[in-house]
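Encoded as structure tokens, the structure appears first; notes follow it.
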Amino acid sequence: LAQQCGAYGLVALSFARSLFGGRIPLCTQLATTMHGELSPAEISYTRRATFAWLIFYILLTAAILALFFAASQRVWSLFVNFATFGLIIVMGIADHAFRRRLLPRHPSGGMLGIIKRSLIG
């Protein structure tokens with residue numbers, strides 16, 4: 001329980017800390033690393049995306065904690081070992097879908113362009 005809640009709780013804390021105290025939100029940092037300078041619309045989106053990921057990880061941590069006390073050990077174990085990864089993938093797909101819908105395609109060429117630049121240097 002401590003390991004699972006601790007890991008996802010620390011991820012949530014990382015997202016939360018990046019939203020306060022004049023820091024750059026984590027999603028903005030990642031997008032800047034991948035794409036370079038961002039437009040104001042992209043900066044606004046990445047700040048909201050960071051908040052969405054924060055809420056997601058808080059809810060995931062709360063679900064892990066609640067299932068530990070409310071469900072059988074088998075159900076809890078299946079959730080933390082399999083369902084959490086599926087939920088993270090679903091959240092990533094949802095984030096990608098919202099980003100594609102709300103923001104114009106970035107001129108840096110998308111994910112393939114990012115992979116190519118990271119391999120070439």
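Residue numbering restarts at 1 in every chain; chains get A, B, ... in the order shown in the structure tokens, and ligands count up from 1 in that same order.
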Write out as a compact mmCIF listing (two decimals) with C-alpha atoms, in the first residue's frame each polymer residue whose atoms come within 9 Å of range 81-90 of chain A, counting only C-alpha atoms; drop sequence neighbours fewer than 4 positions from it.
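To be explicit, this is the file written out as selection20.txt:
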```
# COMPACT_ATOMS: atom_id res chain seq x y z
CA PHE A 56 -5.75 12.03 -12.40
CA TYR A 57 -2.90 10.95 -10.12
CA LEU A 60 -5.61 7.12 -8.81
CA ILE A 64 -5.68 2.54 -4.60
CA TRP A 76 -6.67 -4.59 -5.02
CA SER A 77 -3.66 -6.45 -6.40
CA ALA A 94 -7.35 11.32 -23.90
CA ASP A 95 -4.68 14.00 -23.45
```
**OP:** Skip Ser14 in chain A itself and residues of its chain fewer than 2 positions away, then list as a count of residues only all residues within 12 Å of it, counting only C-alpha atoms.
**Re:** 23
Subject >> Option closest in space to Phe79 in chain A, from A:Leu38, A:Ala62, A:Leu102, A:Leu67 [counting only C-alpha atoms] >> reply: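 When distances to Phe79 in chain A are compared using only C-alpha atoms, the smallest one comes from A:Leu67.
What separates CA of Cys5 in chain A from CA of Val75 in chain A is a distance of 15.9 Å.
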**OP:** Please return as number ranges by chain: the residues of chain A that backbone DSSP assigns to alpha helix (DSSP H).
**Re:** A: 2-18, 26-35, 40-70, 73-78, 84-102, 110-120
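Counting only C-alpha atoms, Ser39 in chain A has the following residues at most 12 Å away, ignoring those fewer than 6 positions along the same chain: Thr28, Ala31, Thr32, Tyr45, Thr46, Leu103, Pro104, Arg105, His106 and Pro107 of chain A.
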Original post:
Closest to Gln3 in chain A among A:Ala97, A:Ala41, A:Ile120, A:Val80, using only C-alpha atoms?
Top reply: A:Val80
Subject >> Interatomic distance, CA of Phe69 in chain A to CA of Gly92 in chain A (Å, one decimal) >> reply: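 Here the two named atoms are 28.0 Å from each other.
The coordinates place CA of Glu42 in chain A at 12.0 Å from CA of Phe98 in chain A.
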